[in-house]
Amino acid sequence: MSTETATYTLCCHCGTHKITLDNITPITKATKCNCSICTDRGSLLIFVPKDKIIFTDGQGPDSDTLTTYVFNKKVLEWKFCKLCGSTIFATGKEHPQWGINVRCVEGVDVDKLEMMPYDGKNSA
């Protein structure tokens with residue numbers, strides 16, 4: 001098992017929300033979910049433990065410049081920047097990890113990532 005870690009920065013398109021992913025496993029894979037929201041928004045997800053996520057913008061996940069959207073079983077809360085509309089991440093009250101939209105992570109070429117399909121469209 002590799003103990004290699006990396007630190008990444010992500011932000012929304014307008015730069016209002018800046019987040020550091022601190023000492024996580026290097027990003028080599030992403031989950032490509034076929035649910036309606038991931039398909040409509042083009043999200044590709046990586047899952048990061050909450051304690052590895054640092055808001056460097058001074059705002060945090062409950063910022064008034066983020067909006068929340070829930071649908072279906074209301075298990076996840078999708079967070080969007082109110083200013084530019086970027087889909088940044090998804091949280092869940094009972095989930096120890098957050099779904100981070102890897103498209104917002106600086107320096108990651110999504111075309112080089114291994115895609116892990118997930119059938120969110122038909123999940124029970």
# chains A, B, ... in the order shown; residues from 1 in each chain; ligands from 1
$ residues_around --residues "A:His13" --least-positions-apart "3" --cutoff "10 Å" --atoms "only C-alpha atoms" --output "NGL selection string"
:A and (10 or 16-17 or 81 or 83-88 or 104)
$ residues_around --residues "A:Val108" --least-positions-apart "4" --cutoff "12 Å" --atoms "only C-alpha atoms" --output "list in words"
Ala6, Thr7, Tyr8, Thr9, Leu10, Pro26, Ile27, Thr28, Lys29, Ala30, Leu44, Ile46, Asn101, Val102, Arg103, Cys104, Lys112 and Leu113 of chain A
$ select_by_dssp --residues "chain A" --states "helix (DSSP H, G or I)" --output "ChimeraX atom specification"
/A:36-41,50-52,102-104,110-112
$ select_by_dssp --residues "chain A" --states "strand (DSSP E)" --output "PyMOL selection string"
chain A and resi 6-11+18-24+29-33+45-49+53-55+66-69+77-81+87-91+97-101+114-118
$ closest_residue --among "A:Lys93, A:Lys82, A:Lys73, A:Lys121" --to "A:Gly15" --atoms "only C-alpha atoms"
A:Lys82
$ atom_distance --atom1 "atom CA of A:Cys14" --atom2 "atom CA of A:Ile37"
21.1 Å
$ atom_distance --atom1 "atom CA of A:His95" --atom2 "atom CA of A:Val110"
24.6 Å
$ closest_residue --among "A:Asp62, A:Ile24, A:Thr31, A:Thr5" --to "A:Met115" --atoms "only C-alpha atoms"
A:Thr31
$ atom_distance --atom1 "atom CA of A:Cys33" --atom2 "atom CA of A:Thr56"
28.0 Å
